[in-house]
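Engineer: Structure file final-v3.txt, compact mmCIF, C-alpha atoms and all ligand atoms, is pasted below:
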```txt
# COMPACT_ATOMS: atom_id res chain seq x y z
CA MET A 1493 87.67 118.22 81.20
CA ARG A 1494 90.53 116.33 79.52
CA ASN A 1495 92.13 117.53 76.38
CA PRO A 1496 91.97 114.52 74.03
CA ASP A 1497 94.96 115.75 72.02
CA GLN A 1498 97.18 115.83 75.05
CA SER A 1499 98.37 112.27 75.28
CA VAL A 1500 100.80 111.54 78.07
CA GLN A 1501 103.79 111.22 75.79
CA SER A 1502 103.16 114.42 73.88
CA ALA A 1503 102.59 116.36 77.11
CA PHE A 1504 105.86 114.96 78.30
CA PHE A 1505 107.88 115.90 75.26
CA ALA A 1506 106.14 119.25 74.78
CA ASP A 1507 107.17 120.06 78.33
CA GLY A 1508 110.79 119.66 77.31
CA THR A 1509 111.49 118.00 80.65
CA GLY A 1510 113.28 115.06 78.98
CA THR A 1511 113.53 111.58 80.43
CA SER A 1512 116.67 112.47 82.41
CA ASN A 1513 117.10 109.11 84.14
CA THR A 1514 113.40 108.45 84.53
CA LEU A 1515 112.04 105.53 82.58
CA ILE A 1516 108.49 106.25 81.40
CA LEU A 1517 106.40 103.19 80.59
CA GLY A 1518 102.90 103.00 79.09
CA SER A 1519 100.55 105.90 78.50
CA ASP A 1520 96.96 106.80 79.30
CA THR A 1521 95.87 104.97 76.16
CA ALA A 1522 98.47 102.21 75.61
CA VAL A 1523 98.50 99.02 77.66
CA ILE A 1524 101.68 98.17 79.54
CA SER A 1525 103.26 94.91 78.37
CA ASP A 1526 104.19 92.10 80.75
CA ALA A 1527 107.88 92.72 80.02
CA GLU A 1528 107.56 96.39 80.95
CA LEU A 1529 105.69 95.57 84.13
CA LEU A 1530 108.34 93.02 85.07
CA LEU A 1531 111.03 95.63 84.55
CA ALA A 1532 109.24 98.07 86.87
CA ALA A 1533 108.70 95.31 89.46
CA LYS A 1534 112.40 94.45 89.35
CA LEU A 1535 113.33 98.09 89.90
CA LEU A 1536 111.04 98.14 92.97
CA GLN A 1537 112.51 94.96 94.35
CA ASP A 1538 116.03 96.34 93.87
CA GLY A 1539 115.25 99.40 95.98
CA GLU A 1540 114.46 101.93 93.24
CA THR A 1541 111.42 104.25 93.14
CA VAL A 1542 108.54 103.54 90.75
CA ALA A 1543 105.40 105.68 90.35
CA PHE A 1544 102.25 103.79 89.41
CA PRO A 1545 98.50 104.32 89.01
CA THR A 1546 96.02 103.24 91.68
CA GLU A 1547 92.27 103.77 92.00
CA THR A 1548 92.79 106.62 94.49
CA VAL A 1549 95.68 108.72 93.10
CA TYR A 1550 99.07 107.83 91.56
CA GLY A 1551 101.52 106.44 94.14
CA LEU A 1552 105.31 106.66 94.38
CA GLY A 1553 106.42 103.17 95.38
CA GLY A 1554 109.51 101.76 97.03
CA ASN A 1555 110.41 98.45 98.68
CA ALA A 1556 108.92 98.89 102.18
CA LEU A 1557 111.52 96.61 103.73
CA LYS A 1558 114.52 98.59 102.44
CA PRO A 1559 115.29 101.80 104.37
CA SER A 1560 117.41 103.09 101.46
CA ALA A 1561 114.39 102.82 99.11
CA ILE A 1562 112.21 104.67 101.61
CA ARG A 1563 114.75 107.46 101.90
CA LYS A 1564 114.65 107.83 98.09
CA ILE A 1565 110.86 108.32 98.23
CA PHE A 1566 111.12 111.06 100.85
CA GLU A 1567 113.91 112.74 98.89
CA ALA A 1568 112.08 112.63 95.53
CA LYS A 1569 108.93 114.17 97.05
CA GLY A 1570 110.66 116.57 99.43
CA ARG A 1571 108.45 115.04 102.14
CA PRO A 1572 109.16 115.54 105.87
CA SER A 1573 110.62 112.26 107.14
CA ASP A 1574 108.27 112.06 110.16
CA ASN A 1575 105.20 111.81 107.88
CA PRO A 1576 104.72 108.03 107.59
CA LEU A 1577 103.95 106.10 104.39
CA ILE A 1578 101.19 103.65 103.54
CA VAL A 1579 102.38 100.13 102.74
CA HIS A 1580 100.59 98.54 99.78
CA ILE A 1581 100.03 94.81 99.48
CA ALA A 1582 98.39 92.60 96.83
CA ASP A 1583 97.56 89.58 99.00
CA LEU A 1584 96.52 89.03 102.61
CA ASP A 1585 99.54 86.75 103.22
CA ALA A 1586 101.76 89.82 103.02
CA LEU A 1587 100.20 91.12 106.26
CA ASN A 1588 102.08 88.53 108.32
CA GLY A 1589 105.39 90.29 107.82
CA LEU A 1590 103.99 93.73 108.58
CA VAL A 1591 101.52 93.74 111.48
CA ALA A 1592 101.71 92.27 114.98
CA GLU A 1593 98.07 91.17 114.95
CA VAL A 1594 94.89 91.52 112.96
CA SER A 1595 92.14 92.44 115.43
CA PRO A 1596 88.52 91.34 114.83
CA LEU A 1597 87.72 94.99 113.99
CA ALA A 1598 90.52 95.13 111.39
CA GLU A 1599 89.35 91.85 109.92
CA THR A 1600 85.76 93.12 109.62
CA LEU A 1601 86.88 96.20 107.70
CA MET A 1602 89.25 94.21 105.49
CA THR A 1603 86.47 91.80 104.60
CA ALA A 1604 84.14 94.68 103.79
CA PHE A 1605 86.47 97.01 101.88
CA TRP A 1606 89.65 95.25 100.68
CA PRO A 1607 90.81 95.40 97.99
CA GLY A 1608 89.88 99.09 97.81
CA PRO A 1609 90.52 102.66 98.95
CA LEU A 1610 90.79 101.91 102.69
CA THR A 1611 94.03 102.13 104.71
CA LEU A 1612 94.19 100.48 108.13
CA VAL A 1613 96.57 101.60 110.87
CA MET A 1614 97.67 98.59 112.95
CA LYS A 1615 100.42 97.66 115.45
CA LYS A 1616 103.58 97.04 113.44
CA ARG A 1617 106.03 94.16 113.52
CA PRO A 1618 109.66 95.00 114.37
CA GLU A 1619 110.76 94.12 110.81
CA VAL A 1620 108.99 97.19 109.39
CA PRO A 1621 111.67 99.87 109.16
CA SER A 1622 111.06 102.97 111.28
CA GLU A 1623 111.71 105.05 108.11
CA VAL A 1624 108.32 103.81 106.81
CA THR A 1625 106.36 104.58 109.97
CA GLY A 1626 107.99 107.86 110.93
CA GLY A 1627 109.13 106.19 114.15
CA LEU A 1628 105.59 105.19 115.21
CA ASP A 1629 104.81 101.72 116.59
CA THR A 1630 101.98 101.38 114.07
CA VAL A 1631 101.98 100.81 110.32
CA ALA A 1632 99.38 101.89 107.74
CA VAL A 1633 98.46 99.15 105.23
CA ARG A 1634 96.27 99.15 102.12
CA MET A 1635 95.34 96.60 99.47
CA PRO A 1636 94.51 98.53 96.28
CA VAL A 1637 91.92 97.20 93.84
CA HIS A 1638 93.59 98.70 90.73
CA GLU A 1639 94.61 95.79 88.51
CA LEU A 1640 97.94 97.19 87.32
CA ALA A 1641 98.93 98.23 90.85
CA ARG A 1642 98.15 94.74 92.16
CA ARG A 1643 100.11 93.02 89.39
CA LEU A 1644 103.09 95.31 89.99
CA ILE A 1645 103.11 94.69 93.75
CA ARG A 1646 102.68 90.96 93.30
CA LEU A 1647 105.48 90.75 90.71
CA SER A 1648 107.84 92.78 92.91
CA GLY A 1649 107.41 90.16 95.65
CA VAL A 1650 107.70 92.83 98.38
CA PRO A 1651 105.34 95.14 100.27
CA VAL A 1652 105.39 98.52 98.54
CA ALA A 1653 105.47 101.75 100.54
CA ALA A 1654 103.78 104.42 98.44
CA PRO A 1655 102.71 107.97 99.24
CA SER A 1656 101.03 110.05 96.56
CA ALA A 1657 103.36 110.64 93.58
CA ASN A 1658 103.45 114.44 93.81
CA LEU A 1659 105.97 116.93 95.18
CA SER A 1660 105.17 117.33 98.88
CA GLY A 1661 102.48 119.97 99.45
CA LYS A 1662 101.16 119.97 95.86
CA PRO A 1663 97.79 118.54 94.83
CA SER A 1664 98.01 114.75 94.47
CA PRO A 1665 98.36 113.46 90.90
CA THR A 1666 95.39 111.78 89.25
CA ARG A 1667 96.93 111.73 85.76
CA CYS A 1668 100.28 110.46 84.56
CA GLU A 1669 101.20 113.84 83.09
CA ASP A 1670 100.94 115.34 86.61
CA VAL A 1671 103.36 112.71 87.93
CA ILE A 1672 105.76 113.42 85.05
CA ARG A 1673 105.58 117.15 85.72
CA ASP A 1674 106.37 116.73 89.44
CA LEU A 1675 108.77 113.79 89.49
CA SER A 1676 110.49 113.39 86.10
CA GLY A 1677 114.23 113.19 86.75
CA ARG A 1678 113.64 112.50 90.46
CA VAL A 1679 112.49 108.84 90.33
CA ALA A 1680 113.65 105.70 88.51
CA CYS A 1681 110.45 104.87 86.67
CA ILE A 1682 106.93 106.15 86.02
CA LEU A 1683 104.21 103.71 84.97
CA CYS A 1684 101.49 105.51 83.08
CA GLY A 1685 97.84 104.51 83.12
CA GLU A 1686 94.45 106.17 83.04
CA LEU A 1687 92.94 108.94 85.13
CA SER A 1688 92.54 107.72 88.74
CA GLU A 1689 89.00 106.56 89.25
CA ILE A 1690 88.36 107.95 92.74
CA GLY A 1691 90.69 110.93 92.56
CA LEU A 1692 91.16 111.37 96.34
CA GLU A 1693 93.58 109.50 98.59
CA SER A 1694 92.39 106.50 100.61
CA THR A 1695 90.38 106.74 103.81
CA VAL A 1696 92.85 106.18 106.68
CA VAL A 1697 91.34 104.40 109.71
CA ASP A 1698 93.05 103.63 113.01
CA VAL A 1699 91.91 100.17 114.12
CA THR A 1700 94.20 99.81 117.15
CA GLY A 1701 91.29 100.50 119.54
CA GLU A 1702 87.73 99.24 120.03
CA GLU A 1703 86.20 101.78 117.63
CA PRO A 1704 87.44 102.66 114.13
CA VAL A 1705 88.77 106.24 114.06
CA ILE A 1706 89.01 107.99 110.71
CA LEU A 1707 92.28 109.93 110.48
CA ARG A 1708 91.74 111.00 106.87
CA PRO A 1709 88.35 110.91 105.09
CA GLY A 1710 88.21 109.36 101.62
CA GLY A 1711 86.13 107.28 99.23
CA ILE A 1712 85.12 104.85 102.00
CA THR A 1713 82.84 107.07 104.07
CA LEU A 1714 82.07 107.15 107.80
CA GLU A 1715 78.60 105.84 106.98
CA MET A 1716 80.13 102.83 105.17
CA ILE A 1717 82.56 102.15 108.05
CA ARG A 1718 79.69 102.30 110.55
CA SER A 1719 77.50 99.97 108.53
CA ALA A 1720 80.32 97.38 108.43
CA ALA A 1721 81.70 97.78 111.99
CA GLY A 1722 78.61 99.01 113.87
CA CYS A 1723 80.51 102.09 115.09
CA GLY A 1724 83.12 104.60 114.00
CA LYS A 1725 84.05 108.29 114.28
CA TYR A 1726 86.32 110.97 112.87
CA ASP A 1727 89.43 111.91 114.79
CA GLU A 1728 88.68 115.31 116.30
CA ALA A 1729 91.62 116.88 114.40
CA VAL A 1730 90.59 115.73 110.90
CA ASP A 1731 89.66 119.15 109.49
CA ARG A 1732 91.50 121.52 111.75
CA LYS A 1733 94.91 123.11 111.84
CA ILE A 1734 97.36 121.32 114.13
CA LEU A 1735 98.82 123.76 116.63
CA GLU A 1736 102.53 124.34 116.87
CA GLY A 1737 104.15 121.65 119.03
CA GLU A 1738 100.93 119.58 119.10
CA LYS A 1739 101.30 115.83 118.53
CA ALA A 1740 98.90 114.71 115.78
CA ARG A 1741 97.46 111.20 115.84
CA SER A 1742 98.24 111.10 112.11
CA PRO A 1743 101.48 113.01 111.45
CA GLY A 1744 100.31 114.03 107.95
CA MET A 1745 97.74 116.32 109.61
CA LYS A 1746 100.54 118.70 110.57
CA TYR A 1747 101.63 119.54 107.05
CA THR A 1748 100.47 121.78 104.22
CA HIS A 1749 98.63 119.79 101.60
CA TYR A 1750 97.13 120.02 98.15
CA SER A 1751 98.26 123.62 97.68
CA PRO A 1752 98.28 125.02 94.20
CA ASP A 1753 100.50 128.07 93.67
CA ALA A 1754 97.36 130.21 93.62
CA GLU A 1755 95.78 131.33 96.89
CA VAL A 1756 92.50 129.43 97.40
CA ILE A 1757 89.52 130.88 99.32
CA LEU A 1758 86.37 128.84 100.04
CA PHE A 1759 82.85 130.24 100.33
CA GLU A 1760 80.09 128.57 102.33
CA GLY A 1761 76.45 129.55 102.74
CA GLU A 1762 73.22 129.96 100.81
CA PRO A 1763 73.92 129.49 97.07
CA GLU A 1764 72.73 132.99 96.08
CA ALA A 1765 74.75 134.68 98.81
CA VAL A 1766 77.85 132.66 97.88
CA ALA A 1767 77.53 133.66 94.22
CA ALA A 1768 77.07 137.33 95.10
CA GLU A 1769 80.13 137.34 97.37
CA ILE A 1770 82.32 135.49 94.85
CA LEU A 1771 81.28 137.91 92.07
CA ARG A 1772 81.98 140.89 94.31
CA ARG A 1773 85.43 139.63 95.28
CA ALA A 1774 86.28 138.55 91.72
CA ALA A 1775 85.62 142.10 90.53
CA ALA A 1776 87.73 143.57 93.35
CA TYR A 1777 90.68 141.23 92.74
CA THR A 1778 90.53 141.85 88.99
CA LEU A 1779 90.53 145.59 89.57
CA ALA A 1780 93.62 145.18 91.75
CA GLY A 1781 95.40 143.39 88.89
CA SER A 1782 95.12 139.77 90.11
CA ARG A 1783 94.21 136.92 87.78
CA VAL A 1784 91.08 135.35 89.24
CA GLY A 1785 89.97 131.72 89.03
CA ILE A 1786 86.52 130.51 90.05
CA MET A 1787 85.91 126.88 90.97
CA THR A 1788 82.28 125.90 90.73
CA PHE A 1789 79.88 123.22 89.43
CA ASP A 1790 78.20 122.48 86.10
CA GLU A 1791 74.86 123.84 87.31
CA ARG A 1792 76.42 127.17 88.32
CA VAL A 1793 79.09 127.91 85.71
CA LYS A 1794 76.86 130.41 83.89
CA ILE A 1795 76.55 132.65 86.95
CA TYR A 1796 80.24 133.49 86.71
CA ALA A 1797 80.61 134.03 82.96
CA ASP A 1798 83.31 136.66 82.23
CA SER A 1799 84.32 136.93 85.91
CA GLY A 1800 87.66 135.14 85.53
CA GLU A 1801 88.94 131.68 84.62
CA VAL A 1802 85.85 129.62 85.51
CA LEU A 1803 86.33 125.86 85.93
CA SER A 1804 83.68 123.32 86.88
CA LEU A 1805 84.38 120.38 89.17
CA GLY A 1806 81.41 118.52 87.64
CA SER A 1807 77.77 118.24 88.55
CA LEU A 1808 76.57 118.79 92.13
CA GLU A 1809 74.47 115.69 91.54
CA ARG A 1810 77.64 113.63 90.98
CA LEU A 1811 80.01 114.16 93.89
CA ASP A 1812 81.98 111.10 92.79
CA GLN A 1813 82.93 113.03 89.65
CA VAL A 1814 83.67 116.15 91.67
CA ALA A 1815 86.09 114.06 93.75
CA GLN A 1816 87.70 112.64 90.62
CA ASN A 1817 88.17 116.12 89.09
CA LEU A 1818 89.29 118.04 92.18
CA PHE A 1819 93.07 117.71 92.07
CA GLN A 1820 93.43 118.11 88.30
CA THR A 1821 91.28 121.24 88.46
CA LEU A 1822 93.47 122.74 91.20
CA ARG A 1823 96.49 121.98 89.02
CA ALA A 1824 94.79 123.54 85.97
CA PHE A 1825 94.58 126.90 87.76
CA ASP A 1826 98.36 126.84 88.19
CA SER A 1827 98.88 126.06 84.50
CA GLY A 1828 96.71 129.11 83.76
CA LYS A 1829 98.89 131.25 86.08
CA ILE A 1830 95.94 132.21 88.25
CA ASP A 1831 96.71 134.24 91.42
CA VAL A 1832 93.58 133.62 93.48
CA VAL A 1833 90.93 130.89 93.25
CA LEU A 1834 87.49 131.64 94.69
CA SER A 1835 85.81 128.30 95.27
CA GLU A 1836 82.33 127.09 96.04
CA THR A 1837 81.89 124.19 98.47
CA VAL A 1838 79.83 121.00 98.89
CA GLU A 1839 77.80 119.43 101.72
CA ASP A 1840 80.13 118.07 104.37
CA SER A 1841 78.78 114.47 104.41
CA GLY A 1842 79.41 111.19 102.61
CA ILE A 1843 82.13 111.62 99.97
CA GLY A 1844 81.53 115.38 100.42
CA LYS A 1845 83.41 115.11 103.73
CA ALA A 1846 86.56 113.97 101.90
CA ILE A 1847 86.14 116.63 99.19
CA MET A 1848 85.75 119.37 101.82
CA ASN A 1849 88.73 118.03 103.80
CA ARG A 1850 91.00 118.41 100.74
CA LEU A 1851 89.48 121.79 99.82
CA ILE A 1852 89.94 123.18 103.33
CA LYS A 1853 93.60 122.14 103.31
CA ALA A 1854 94.14 123.46 99.77
CA ALA A 1855 92.74 126.76 101.02
CA GLY A 1856 95.01 126.79 104.08
CA TYR A 1857 91.81 126.93 106.21
CA ARG A 1858 90.60 130.17 104.56
CA VAL A 1859 86.82 129.64 104.62
CA VAL A 1860 84.41 132.59 104.27
CA ARG A 1861 80.89 132.01 105.64
CA VAL A 1862 78.43 134.32 103.91
P1 LIG B 1901 100.08 109.79 101.70
O1 LIG B 1901 101.20 108.81 101.80
O2 LIG B 1901 100.51 111.09 101.11
O3 LIG B 1901 98.85 109.21 101.09
O4 LIG B 1901 99.71 110.07 103.22
C1 LIG B 1901 99.57 109.00 104.13
C2 LIG B 1901 98.76 109.46 105.30
O5 LIG B 1901 98.60 108.37 106.20
C3 LIG B 1901 99.42 110.59 106.06
O6 LIG B 1901 98.45 111.51 106.46
C4 LIG B 1901 100.02 109.87 107.25
O7 LIG B 1901 100.17 110.72 108.36
C5 LIG B 1901 99.02 108.76 107.50
N1 LIG B 1901 99.66 107.62 108.17
C6 LIG B 1901 100.54 106.76 107.63
N2 LIG B 1901 100.96 105.88 108.54
C7 LIG B 1901 100.33 106.19 109.70
C8 LIG B 1901 100.35 105.65 111.02
N3 LIG B 1901 101.11 104.61 111.33
N4 LIG B 1901 99.58 106.24 111.95
C9 LIG B 1901 98.80 107.30 111.65
N5 LIG B 1901 98.75 107.85 110.42
C10 LIG B 1901 99.51 107.31 109.46
MG MG B 1902 100.11 112.69 99.78
```
Would you put the structure from the file into C-alpha cells?
Structural biologist:
Amino acid sequence: MRNPDQSVQSAFFADGTGTSNTLILGSDTAVISDAELLLAAKLLQDGETVAFPTETVYGLGGNALKPSAIRKIFEAKGRPSDNPLIVHIADLDALNGLVAEVSPLAETLMTAFWPGPLTLVMKKRPEVPSEVTGGLDTVAVRMPVHELARRLIRLSGVPVAAPSANLSGKPSPTRCEDVIRDLSGRVACILCGELSEIGLESTVVDVTGEEPVILRPGGITLEMIRSAAGCGKYDEAVDRKILEGEKARSPGMKYTHYSPDAEVILFEGEPEAVAAEILRRAAAYTLAGSRVGIMTFDERVKIYADSGEVLSLGSLERLDQVAQNLFQTLRAFDSGKIDVVLSETVEDSGIGKAIMNRLIKAAGYRVVRV
C-alpha cells in the first residue's frame, strides 16, 4: 500500500509546503540522532509543540504542565478546547504528579498493558492544568511502548500531553507525511519515524469506578480488559451520536472524527448482498457525475473491478493490518479527489470493534443494512 519512492522528505518538498517555521527531523527510513532527539525534547520542555511517532498514531506533544503549551496544541489542531488530551509518560514515577490515587483496578490494568496502547482515566491532582483535562476532575494517562516516543518523553523530563497529530476532524495520521500535510507551519517540530504499528488510537478506559468502562475502543480489546480485570464493559455511548446538549462521559464523543473530504457510506449484511448494493450505488453515483471510491478487502477487490477507485484495507483474515491501513486509506481517497466512498465493514468484535467505531464516525453514522 505504500509507495516506496515516496520518502517523507520528497513528499514534503514535492508538496511545496516548505518548512515555514517547522523543524522536520528524521524520516521514515533514517534514524534520528541523539542530538536531534535532544533538540526536540528541549523544545517540548520549553513549551513548544512537537509531533512524534507512537505505536498507535502520531501524537502532537506539549508540556502537560504548561497551559501555554496546551493552548498551542489546541490552536495547531483547531481542536475544541473542552475535548481533553491524553498525558503521556515514560516511567511510572511520573504518575505521582498527575493522579490523586492509583486504584487496585488501575494498577491491575497498568501491570497487564503498560507500556502499550491503553489510556487510563483517573482522578487528577490539582497541579494538572484544567486546559489539559477540559475542566474535568479526571486526567487520561498513557505510557506508550514506542521506543522513540519513550526516549523523547524521558529526555524532556515532563509529562507530555499529546492528542493525535492531525487537524481536528481529519483521519488520524499514521505516517509522517500525513502529519506534515496537516501541521507543517503550525507546530515547532515534527519527528518522523515509521508507519504506526497499530494504526488506531489507544483504548481509553475509565478506572474511577469498580468496573473498567471503555470510552473509546482500540488495540486493547474488551476481551483483553476482562481477562486482566475480571470484568469490564463499553460505555453505552461508544458508537452512537451524542445528542445536542447531552453531556458525554468522554467529551471527544461529541465531535466529528476521522472524516475524509469524501462522503463515506458503510454497508452491512451478507457479503453477496453488500457487494450487489455497492455495485448498484457505484453505478448510480458514477452516472450522476460523482467520483466513486470503494473500500474493501483483499479477498473481495476483484468483485469491484472498474466500478471506481477500489482500495483494499488488507485481508479479512488480518484485522490487525486492516486497523493499521484504515486511516491512510481514508486519506488516500481524498488525495484521489473522490466524492463518495462506499465501504464494506468487519465483524464488530475484538479489534473489529475499534475498526467499526472509527468507520462509523468517519461515515457520520451513515450505515446501510442490506
Ligand atoms: P485524542 O487526544 O485525539 O487521542 O483523543 C483523546 C480522547 O480521550 C478523547 O476522546 C477524549 O475525550 C478522551 N479523554 C481524554 N481525557 C479524558 C478524561 N479525563 N475523561 C474522559 N475522556 C477523556
Ligand atoms: Mg484525535
Engineer: For ligand MG 1902 (chain B), which residue among A:Leu1692, A:Ile1757, A:Leu1735, A:Val1860 is the nearest when counting only C-alpha atoms and all ligand atoms?
Structural biologist: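 For ligand MG 1902 (chain B), the nearest of the candidates is A:Leu1692.
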Engineer: Would you please work out which residue, of A:Ala1768, A:Asn1658, A:Val1549, A:Asp1840, is nearest to A:Arg1673 when using all atoms listed in the file?
Structural biologist: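 Looking at the shortest contact to A:Arg1673, the residue is A:Asn1658.
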Engineer: Set the cut-off to 9 Å, count all atoms listed in the file, and list whatever residues fall near ligand LIG 1901 (chain B) as number ranges by chain.
Structural biologist: A: 1549, 1551-1552, 1571, 1574-1579, 1611-1616, 1624-1633, 1653-1658, 1660, 1664, 1693-1698, 1707-1708, 1740-1747, 1749
Engineer: Dump as a count of residues only all residues having an atom at most 12 Å from (94.5, 93.0, 89.6), computed in the file's coordinates with only C-alpha atoms.
Structural biologist: 20
Engineer: Please determine, counting all atoms listed in the file, which residue among A:Thr1837, A:Asn1817, A:Thr1521, A:Thr1778 has the shortest atom-to-atom distance to A:Arg1792.
Structural biologist: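 The closest residue to A:Arg1792 is A:Thr1837.
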Engineer: In Å to one decimal, how far is atom CA of A:Val1652 from atom CA of A:His1580?
Structural biologist: 5.0 Å
Engineer: By how many Å are atom CA of A:Asp1674 and atom CA of A:Glu1528 apart?
Structural biologist: 22.1 Å
Engineer: Take atom CA of A:Gly1724 and atom CA of A:Ile1712 and report the distance between them in Å, one decimal.
Structural biologist: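 Straight-line distance from atom CA of A:Gly1724 to atom CA of A:Ile1712 works out to 12.2 Å.
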Engineer: Nearest to A:Asp1731 among A:Leu1597, A:Ala1855, A:Val1793, A:Ala1780, with distances taken over all atoms listed in the file: which residue is it?
Structural biologist: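 Comparing A:Leu1597, A:Ala1855, A:Val1793, A:Ala1780 against A:Asp1731, the winner is A:Ala1855.
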Engineer: Can you tell me which residues surround stretch 1794-1811 of chain A at a distance of at most 9 Å, considering all atoms listed in the file, apart from same-chain residues fewer than 4 positions away, and format the answer as a list in words?
Structural biologist: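 Near neighbours after the sequence-gap exclusion: Met1493, Ala1767, Ile1770, Leu1771, Ala1774, Ala1775, Thr1778, Arg1783, Val1784, Gly1785, Ile1786, Met1787, Thr1788, Phe1789, Asp1790, Ala1815, Gln1816, Asn1817, Leu1818, Thr1821, Ala1824, Phe1825, Gly1828, Ile1830, Val1833, Val1838, Ile1843, Gly1844 and Ile1847 of chain A.
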Engineer: Considering all atoms listed in the file, return as a PyMOL selection string whatever protein or nucleic-acid residues lie within 8 Å of stretch 1666-1672 of chain A, sequence-local ones (same chain, fewer than 5 positions apart) excluded.
Structural biologist: chain A and resi 1500+1503-1504+1519-1520+1543+1545+1548-1550+1657-1658+1682-1688+1691+1816+1819-1820
Engineer: Can you tell me which residues surround A:Gly1856 at a distance of at most 8 Å, considering only C-alpha atoms, apart from same-chain residues fewer than 4 positions away, and format the answer as a list in words?
Structural biologist: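 The residues that qualify are Thr1748, Ser1751, Val1756 and Ile1852 of chain A.
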Engineer: With all atoms listed in the file as the basis for distance, which of A:Leu1557, A:Leu1515, A:Ala1532, A:Leu1659 is at the shortest distance from ligand MG 1902 (chain B)?
Structural biologist: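 Residue with the minimum atom-to-atom distance to ligand MG 1902 (chain B): A:Leu1659.
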Engineer: Since fewer atoms than expected are present, regenerate all heavy atoms for stretch 1815-1821 of chain A and write them as a short mmCIF file (atom, residue, chain, number, x, y, z; two decimals), keeping the file's coordinate frame.
Structural biologist:
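Writing the result to rebuild-v9.cif gives the following:
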```
data_model
loop_
_atom_site.label_atom_id
_atom_site.label_comp_id
_atom_site.auth_asym_id
_atom_site.auth_seq_id
_atom_site.Cartn_x
_atom_site.Cartn_y
_atom_site.Cartn_z
N ALA A 1815 84.90 114.60 93.09
CA ALA A 1815 86.09 114.06 93.75
C ALA A 1815 87.16 113.71 92.72
O ALA A 1815 88.33 114.07 92.87
CB ALA A 1815 85.72 112.81 94.57
N GLN A 1816 86.74 113.07 91.65
CA GLN A 1816 87.70 112.64 90.62
C GLN A 1816 88.38 113.84 89.96
O GLN A 1816 89.55 113.78 89.59
CB GLN A 1816 86.98 111.80 89.56
CG GLN A 1816 87.94 111.11 88.62
CD GLN A 1816 87.23 110.38 87.49
OE1 GLN A 1816 86.22 110.85 86.97
NE2 GLN A 1816 87.76 109.22 87.13
N ASN A 1817 87.65 114.95 89.81
CA ASN A 1817 88.17 116.12 89.09
C ASN A 1817 88.94 117.10 89.97
O ASN A 1817 89.61 117.99 89.45
CB ASN A 1817 87.00 116.90 88.47
CG ASN A 1817 86.39 116.17 87.30
OD1 ASN A 1817 87.06 115.42 86.62
ND2 ASN A 1817 85.10 116.38 87.09
N LEU A 1818 88.80 116.97 91.30
CA LEU A 1818 89.29 118.04 92.18
C LEU A 1818 90.76 118.39 91.99
O LEU A 1818 91.12 119.54 91.74
CB LEU A 1818 89.02 117.67 93.65
CG LEU A 1818 89.51 118.67 94.67
CD1 LEU A 1818 88.82 120.01 94.51
CD2 LEU A 1818 89.30 118.16 96.09
N PHE A 1819 91.64 117.39 92.09
CA PHE A 1819 93.07 117.71 92.07
C PHE A 1819 93.53 118.20 90.70
O PHE A 1819 94.36 119.10 90.60
CB PHE A 1819 93.90 116.49 92.51
CG PHE A 1819 93.80 116.21 93.98
CD1 PHE A 1819 93.67 114.91 94.45
CD2 PHE A 1819 93.85 117.24 94.91
CE1 PHE A 1819 93.60 114.64 95.81
CE2 PHE A 1819 93.77 116.99 96.27
CZ PHE A 1819 93.65 115.68 96.72
N GLN A 1820 92.99 117.64 89.61
CA GLN A 1820 93.43 118.11 88.30
C GLN A 1820 92.93 119.52 88.04
O GLN A 1820 93.57 120.30 87.35
CB GLN A 1820 93.06 117.14 87.18
CG GLN A 1820 91.60 117.07 86.87
CD GLN A 1820 91.32 116.08 85.73
OE1 GLN A 1820 91.57 114.90 85.85
NE2 GLN A 1820 90.82 116.57 84.63
N THR A 1821 91.79 119.88 88.63
CA THR A 1821 91.28 121.24 88.46
C THR A 1821 92.16 122.23 89.22
O THR A 1821 92.52 123.30 88.71
CB THR A 1821 89.81 121.33 88.95
OG1 THR A 1821 89.07 120.31 88.27
CG2 THR A 1821 89.21 122.68 88.65
#
```
